[in-house]
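Working notes, beginning with the structure itself.
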Amino acid sequence: MEVRKINTGIKAKKLDETVYDGFISTLKQIKEGNQQLREEFISEYRPFILKVTSNAVGKYIDTRNSDEFSIAMSAFNEAIDKFDIGKGYNFFLFSEQVIKRRLIDYSRSNRDNKEYPFSFFDDEYFYNDEKLLSSSYIGFEDIEAREDIEELKNKLKEFGISFFDLVLNVPKHKDSRQLCIRIAKMLAEDEQMYKALMKNKSIPRNELKKKAKVHGRTIGNNRKYIIALCLIFKSNLNLSKRYLEYTMDGGK
């Protein structure tokens, strides 16, 4: 039985209704127990799974020796089972959500780190709005929060940092997180240091350590985290900024 492949690009406005109907029909048969069609379907969309995984972790994925890719494959299979055909959601956005959730769960279990002071690390913040999951319309461009997140993502790329990097680099201890937030806020509020950061794509460590009265190693060991925090303070992500202020002042 042929698997009807469709364009998985999330920026597409409209999906061809005939193709999408055939795609949904395939999903329905799989969910009803057609194991052979399930295997063909997963194999057909393996490149999609690989792309989502690579983008999430921010690095090349060797499919033969990658725990992350194995997790992503399993998550895609899980998405098939959990996808509600009747709600008219976009399957690929839904499966991307499930894959990212499982990858973050994996990174958290390895880090033994339970607190992440970034609202955008929660994939529900990206995809909980039904409009984003609509099968026929994907209106990212008219959702301000998504635009701001994409802008931050692009700025982080200039420093060679991905969101997934941040999951792995969040300090384990609350005191360390609070200190990094305080340092990042100083960096963001000092016009000359911030200009140097953006121009050289590196933290002006000597100036910052003097102002923050910390050891240079503290800044160096938390470089990615501090840069990300600084960029958040300079962004329009008001919810995240309020969370950082709250955490810095002693909130959990």
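Starting from 1 in every chain, residues are counted up; chains themselves are A, B, ... following the order of the structure tokens, and ligands are numbered from 1 as listed.
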Might you pull out every residue within 10 Å of Lys28 of chain A, with only C-alpha atoms counted and same-chain residues fewer than 4 positions away left off, and present them as a short mmCIF file (atom, residue, chain, number, x, y, z; two decimals) with N, CA, C and O atoms, in the first residue's frame?
data_model
loop_
_atom_site.label_atom_id
_atom_site.label_comp_id
_atom_site.auth_asym_id
_atom_site.auth_seq_id
_atom_site.Cartn_x
_atom_site.Cartn_y
_atom_site.Cartn_z
N GLY A 22 -6.03 12.06 1.59
CA GLY A 22 -5.39 10.76 1.43
C GLY A 22 -4.42 10.47 2.56
O GLY A 22 -4.32 9.33 3.03
N PHE A 23 -3.73 11.50 3.01
CA PHE A 23 -2.79 11.36 4.11
C PHE A 23 -3.52 10.97 5.39
O PHE A 23 -3.11 10.07 6.13
N ILE A 24 -4.64 11.63 5.66
CA ILE A 24 -5.45 11.32 6.84
C ILE A 24 -6.00 9.90 6.75
O ILE A 24 -6.07 9.17 7.75
N GLU A 32 -5.80 2.07 13.01
CA GLU A 32 -6.71 0.92 13.12
C GLU A 32 -5.96 -0.40 13.16
O GLU A 32 -6.58 -1.46 13.28
N GLY A 33 -4.63 -0.35 13.02
CA GLY A 33 -3.85 -1.56 13.23
C GLY A 33 -3.05 -2.08 12.06
O GLY A 33 -2.50 -3.18 12.12
N ASN A 34 -2.95 -1.30 10.96
CA ASN A 34 -2.18 -1.75 9.80
C ASN A 34 -0.69 -1.55 10.08
O ASN A 34 -0.14 -0.47 9.86
N ILE A 80 1.82 9.21 16.27
CA ILE A 80 0.81 8.55 15.43
C ILE A 80 -0.33 8.05 16.29
O ILE A 80 -1.52 8.23 15.98
N ASP A 81 0.03 7.39 17.40
CA ASP A 81 -0.99 6.82 18.28
C ASP A 81 -1.82 7.88 18.98
O ASP A 81 -3.03 7.72 19.18
N PHE A 83 -2.29 11.13 18.00
CA PHE A 83 -2.86 12.15 17.14
C PHE A 83 -4.37 11.96 17.01
O PHE A 83 -4.84 10.87 16.71
N ASP A 84 -5.11 13.04 17.26
CA ASP A 84 -6.56 13.01 17.17
C ASP A 84 -6.99 13.51 15.79
O ASP A 84 -7.00 14.72 15.53
N ILE A 85 -7.34 12.59 14.92
CA ILE A 85 -7.71 12.95 13.54
C ILE A 85 -8.92 13.86 13.51
O ILE A 85 -9.02 14.77 12.68
#
Next on the checklist: Neighbouring residues of Met193 of chain A were defined as those with any atom within 12 Å, considering only C-alpha atoms; residues of the same chain fewer than 6 positions away were excluded. Please report them as a ChimeraX atom specification.
Outcome noted: /A:183-187,199-211,227,230
Since we have the selection now, will you write its residues out, keeping N, CA, C and O atoms, as a JSON list (two decimals), in the first residue's frame?
[["chain", "number", "residue", "atom", "x", "y", "z"],
["A", 183, "ILE", "N", 24.23, 38.57, 36.70],
["A", 183, "ILE", "CA", 25.34, 38.93, 35.80],
["A", 183, "ILE", "C", 24.80, 39.33, 34.42],
["A", 183, "ILE", "O", 25.22, 40.33, 33.83],
["A", 184, "ALA", "N", 23.85, 38.54, 33.93],
["A", 184, "ALA", "CA", 23.29, 38.81, 32.60],
["A", 184, "ALA", "C", 22.55, 40.15, 32.57],
["A", 184, "ALA", "O", 22.60, 40.88, 31.58],
["A", 185, "LYS", "N", 21.86, 40.47, 33.65],
["A", 185, "LYS", "CA", 21.13, 41.73, 33.72],
["A", 185, "LYS", "C", 22.12, 42.91, 33.70],
["A", 185, "LYS", "O", 21.87, 43.93, 33.04],
["A", 186, "MET", "N", 23.24, 42.78, 34.40],
["A", 186, "MET", "CA", 24.27, 43.81, 34.36],
["A", 186, "MET", "C", 24.79, 43.99, 32.94],
["A", 186, "MET", "O", 24.99, 45.12, 32.47],
["A", 187, "LEU", "N", 25.02, 42.88, 32.26],
["A", 187, "LEU", "CA", 25.52, 42.92, 30.89],
["A", 187, "LEU", "C", 24.52, 43.60, 29.97],
["A", 187, "LEU", "O", 24.89, 44.42, 29.12],
["A", 199, "LYS", "N", 28.90, 43.06, 18.98],
["A", 199, "LYS", "CA", 29.90, 43.29, 17.93],
["A", 199, "LYS", "C", 30.88, 42.13, 17.81],
["A", 199, "LYS", "O", 31.18, 41.65, 16.71],
["A", 200, "ASN", "N", 31.40, 41.68, 18.95],
["A", 200, "ASN", "CA", 32.46, 40.66, 18.96],
["A", 200, "ASN", "C", 31.93, 39.23, 19.11],
["A", 200, "ASN", "O", 32.69, 38.28, 18.99],
["A", 201, "LYS", "N", 30.64, 39.12, 19.41],
["A", 201, "LYS", "CA", 30.00, 37.82, 19.64],
["A", 201, "LYS", "C", 30.68, 37.05, 20.78],
["A", 201, "LYS", "O", 30.80, 35.84, 20.74],
["A", 202, "SER", "N", 31.14, 37.80, 21.76],
["A", 202, "SER", "CA", 31.72, 37.20, 22.96],
["A", 202, "SER", "C", 31.54, 38.15, 24.12],
["A", 202, "SER", "O", 31.44, 39.37, 23.94],
["A", 203, "ILE", "N", 31.47, 37.59, 25.32],
["A", 203, "ILE", "CA", 31.27, 38.39, 26.52],
["A", 203, "ILE", "C", 32.55, 39.18, 26.84],
["A", 203, "ILE", "O", 33.64, 38.60, 26.83],
["A", 204, "PRO", "N", 32.43, 40.48, 27.10],
["A", 204, "PRO", "CA", 33.61, 41.24, 27.56],
["A", 204, "PRO", "C", 33.92, 40.83, 29.00],
["A", 204, "PRO", "O", 33.53, 41.50, 29.96],
["A", 205, "ARG", "N", 34.64, 39.74, 29.14],
["A", 205, "ARG", "CA", 34.76, 39.06, 30.43],
["A", 205, "ARG", "C", 35.44, 39.92, 31.49],
["A", 205, "ARG", "O", 34.98, 39.97, 32.64],
["A", 206, "ASN", "N", 36.53, 40.59, 31.14],
["A", 206, "ASN", "CA", 37.26, 41.37, 32.14],
["A", 206, "ASN", "C", 36.41, 42.48, 32.74],
["A", 206, "ASN", "O", 36.37, 42.67, 33.96],
["A", 207, "GLU", "N", 35.72, 43.20, 31.86],
["A", 207, "GLU", "CA", 34.87, 44.29, 32.33],
["A", 207, "GLU", "C", 33.71, 43.76, 33.16],
["A", 207, "GLU", "O", 33.37, 44.31, 34.23],
["A", 208, "LEU", "N", 33.11, 42.64, 32.69],
["A", 208, "LEU", "CA", 31.94, 42.11, 33.37],
["A", 208, "LEU", "C", 32.28, 41.52, 34.74],
["A", 208, "LEU", "O", 31.55, 41.70, 35.71],
["A", 209, "LYS", "N", 33.42, 40.83, 34.82],
["A", 209, "LYS", "CA", 33.77, 40.22, 36.10],
["A", 209, "LYS", "C", 34.07, 41.29, 37.15],
["A", 209, "LYS", "O", 33.78, 41.11, 38.34],
["A", 210, "LYS", "N", 34.64, 42.43, 36.72],
["A", 210, "LYS", "CA", 34.89, 43.53, 37.66],
["A", 210, "LYS", "C", 33.59, 44.14, 38.14],
["A", 210, "LYS", "O", 33.42, 44.43, 39.33],
["A", 211, "LYS", "N", 32.66, 44.34, 37.21],
["A", 211, "LYS", "CA", 31.40, 44.97, 37.58],
["A", 211, "LYS", "C", 30.56, 44.04, 38.45],
["A", 211, "LYS", "O", 29.93, 44.48, 39.42],
["A", 227, "ILE", "N", 24.71, 34.62, 28.07],
["A", 227, "ILE", "CA", 24.39, 35.31, 26.81],
["A", 227, "ILE", "C", 22.90, 35.22, 26.52],
["A", 227, "ILE", "O", 22.26, 36.21, 26.15],
["A", 230, "CYS", "N", 20.97, 37.47, 28.81],
["A", 230, "CYS", "CA", 21.17, 38.86, 28.41],
["A", 230, "CYS", "C", 20.27, 39.22, 27.22],
["A", 230, "CYS", "O", 19.61, 40.27, 27.21]]
Checklist entry - What are the DSSP helix (DSSP H, G or I) residues of segment 179-242 of chain A, as a PyMOL selection string? => result chain A and resi 179-189+191-200+205-212+216-221+223-233+238-242
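When only C-alpha atoms are used to measure the gap to Asn221 of chain A, the shortest distance among A:Gln192, A:Ser162, A:Ser240, A:Ser176 belongs to A:Ser176.
Between Gly88 of chain A and the residues A:Ser235, A:Thr53, A:Asp21, A:Phe41, the shortest atom-to-atom distance, using only C-alpha atoms, involves A:Asp21.
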Next on the checklist: To one decimal place in Å, what is the distance between atom CA of Ile49 of chain A and atom CA of Leu37 of chain A?
Outcome noted: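 These two atoms are separated by 17.2 Å.
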Checklist entry - If you measure from atom CA of Phe164 of chain A to atom CA of Leu103 of chain A, what distance in Å do you get, rounded to one decimal? => result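 Rounded to one decimal, the two atoms are 9.0 Å apart.
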Next on the checklist: Need the shell around Lys59 of chain A: protein/DNA/RNA residues with any atom at most 12 Å away, counting only C-alpha atoms. Skip same-chain ones fewer than 3 positions apart. Format as JSON, numbers by chain?
Outcome noted: {"A": [50, 51, 52, 53, 54, 55, 56, 62, 66, 68, 69, 160, 161, 162, 163, 164, 165]}
Item to check | Straight-line distance linking atom CA of Val214 of chain A with atom CA of Phe159 of chain A, stated in Å to one decimal | outcome: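 If I compute the distance from atom CA of Val214 of chain A to atom CA of Phe159 of chain A, I get 22.6 Å.
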Checklist entry - Contacts of Ala75 of chain A at 9 Å or less, counting only C-alpha atoms, minus same-chain residues fewer than 6 places along, as a PyMOL selection string? => result chain A and resi 95-96+98-103
Expected file: the selected residues, all heavy atoms, as a PDB file, in the first residue's frame:
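Writing the result to part.pdb gives the following:
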ATOM      1  N   SER A  95       3.526  16.075  15.768  1.00  0.00           N
ATOM      2  CA  SER A  95       4.618  15.113  15.946  1.00  0.00           C
ATOM      3  C   SER A  95       5.911  15.821  16.325  1.00  0.00           C
ATOM      4  O   SER A  95       6.702  15.315  17.130  1.00  0.00           O
ATOM      5  CB  SER A  95       4.821  14.275  14.677  1.00  0.00           C
ATOM      6  OG  SER A  95       5.156  15.082  13.571  1.00  0.00           O
ATOM      7  N   GLU A  96       6.131  17.023  15.773  1.00  0.00           N
ATOM      8  CA  GLU A  96       7.318  17.796  16.154  1.00  0.00           C
ATOM      9  C   GLU A  96       7.262  18.135  17.646  1.00  0.00           C
ATOM     10  O   GLU A  96       8.269  18.077  18.355  1.00  0.00           O
ATOM     11  CB  GLU A  96       7.403  19.079  15.329  1.00  0.00           C
ATOM     12  CG  GLU A  96       8.627  19.909  15.648  1.00  0.00           C
ATOM     13  CD  GLU A  96       8.728  21.160  14.783  1.00  0.00           C
ATOM     14  OE1 GLU A  96       7.805  21.400  13.984  1.00  0.00           O
ATOM     15  OE2 GLU A  96       9.717  21.895  14.922  1.00  0.00           O
ATOM     16  N   VAL A  98       5.758  16.413  20.015  1.00  0.00           N
ATOM     17  CA  VAL A  98       6.016  15.197  20.791  1.00  0.00           C
ATOM     18  C   VAL A  98       7.503  14.849  20.777  1.00  0.00           C
ATOM     19  O   VAL A  98       8.087  14.488  21.811  1.00  0.00           O
ATOM     20  CB  VAL A  98       5.177  14.014  20.252  1.00  0.00           C
ATOM     21  CG1 VAL A  98       5.526  12.721  21.000  1.00  0.00           C
ATOM     22  CG2 VAL A  98       3.691  14.301  20.381  1.00  0.00           C
ATOM     23  N   ILE A  99       8.132  14.962  19.602  1.00  0.00           N
ATOM     24  CA  ILE A  99       9.569  14.659  19.495  1.00  0.00           C
ATOM     25  C   ILE A  99      10.379  15.584  20.402  1.00  0.00           C
ATOM     26  O   ILE A  99      11.239  15.133  21.161  1.00  0.00           O
ATOM     27  CB  ILE A  99      10.040  14.795  18.034  1.00  0.00           C
ATOM     28  CG1 ILE A  99       9.462  13.666  17.180  1.00  0.00           C
ATOM     29  CG2 ILE A  99      11.577  14.774  17.962  1.00  0.00           C
ATOM     30  CD1 ILE A  99       9.670  13.852  15.682  1.00  0.00           C
ATOM     31  N   LYS A 100      10.112  16.878  20.349  1.00  0.00           N
ATOM     32  CA  LYS A 100      10.860  17.835  21.162  1.00  0.00           C
ATOM     33  C   LYS A 100      10.629  17.585  22.654  1.00  0.00           C
ATOM     34  O   LYS A 100      11.552  17.705  23.466  1.00  0.00           O
ATOM     35  CB  LYS A 100      10.482  19.268  20.797  1.00  0.00           C
ATOM     36  CG  LYS A 100      11.028  19.699  19.451  1.00  0.00           C
ATOM     37  CD  LYS A 100      10.655  21.135  19.134  1.00  0.00           C
ATOM     38  CE  LYS A 100      11.291  21.585  17.827  1.00  0.00           C
ATOM     39  NZ  LYS A 100      10.927  22.981  17.484  1.00  0.00           N
ATOM     40  N   ARG A 101       9.406  17.242  23.001  1.00  0.00           N
ATOM     41  CA  ARG A 101       9.101  16.961  24.409  1.00  0.00           C
ATOM     42  C   ARG A 101       9.911  15.778  24.913  1.00  0.00           C
ATOM     43  O   ARG A 101      10.486  15.811  26.001  1.00  0.00           O
ATOM     44  CB  ARG A 101       7.610  16.672  24.574  1.00  0.00           C
ATOM     45  CG  ARG A 101       7.177  16.414  26.011  1.00  0.00           C
ATOM     46  CD  ARG A 101       5.710  16.073  26.044  1.00  0.00           C
ATOM     47  NE  ARG A 101       4.937  17.188  25.505  1.00  0.00           N
ATOM     48  CZ  ARG A 101       4.093  17.910  26.231  1.00  0.00           C
ATOM     49  NH1 ARG A 101       3.940  17.657  27.503  1.00  0.00           N
ATOM     50  NH2 ARG A 101       3.420  18.891  25.687  1.00  0.00           N
ATOM     51  N   ARG A 102       9.993  14.735  24.103  1.00  0.00           N
ATOM     52  CA  ARG A 102      10.729  13.535  24.521  1.00  0.00           C
ATOM     53  C   ARG A 102      12.238  13.807  24.575  1.00  0.00           C
ATOM     54  O   ARG A 102      12.932  13.279  25.446  1.00  0.00           O
ATOM     55  CB  ARG A 102      10.431  12.372  23.573  1.00  0.00           C
ATOM     56  CG  ARG A 102       8.991  11.906  23.617  1.00  0.00           C
ATOM     57  CD  ARG A 102       8.609  11.346  24.985  1.00  0.00           C
ATOM     58  NE  ARG A 102       7.167  11.226  25.111  1.00  0.00           N
ATOM     59  CZ  ARG A 102       6.434  11.922  25.946  1.00  0.00           C
ATOM     60  NH1 ARG A 102       7.002  12.818  26.743  1.00  0.00           N
ATOM     61  NH2 ARG A 102       5.121  11.750  25.994  1.00  0.00           N
ATOM     62  N   LEU A 103      12.736  14.618  23.659  1.00  0.00           N
ATOM     63  CA  LEU A 103      14.161  14.961  23.684  1.00  0.00           C
ATOM     64  C   LEU A 103      14.503  15.795  24.912  1.00  0.00           C
ATOM     65  O   LEU A 103      15.564  15.609  25.529  1.00  0.00           O
ATOM     66  CB  LEU A 103      14.549  15.713  22.402  1.00  0.00           C
ATOM     67  CG  LEU A 103      14.599  14.873  21.125  1.00  0.00           C
ATOM     68  CD1 LEU A 103      14.784  15.771  19.906  1.00  0.00           C
ATOM     69  CD2 LEU A 103      15.703  13.829  21.188  1.00  0.00           C
TER      70      LEU A 103
END
Checklist entry - Leaving out Lys234 of chain A and any residue of its chain fewer than 6 positions from it, which residues lie within 9 Å of it when counting only C-alpha atoms, given as a count of residues only? => result 3
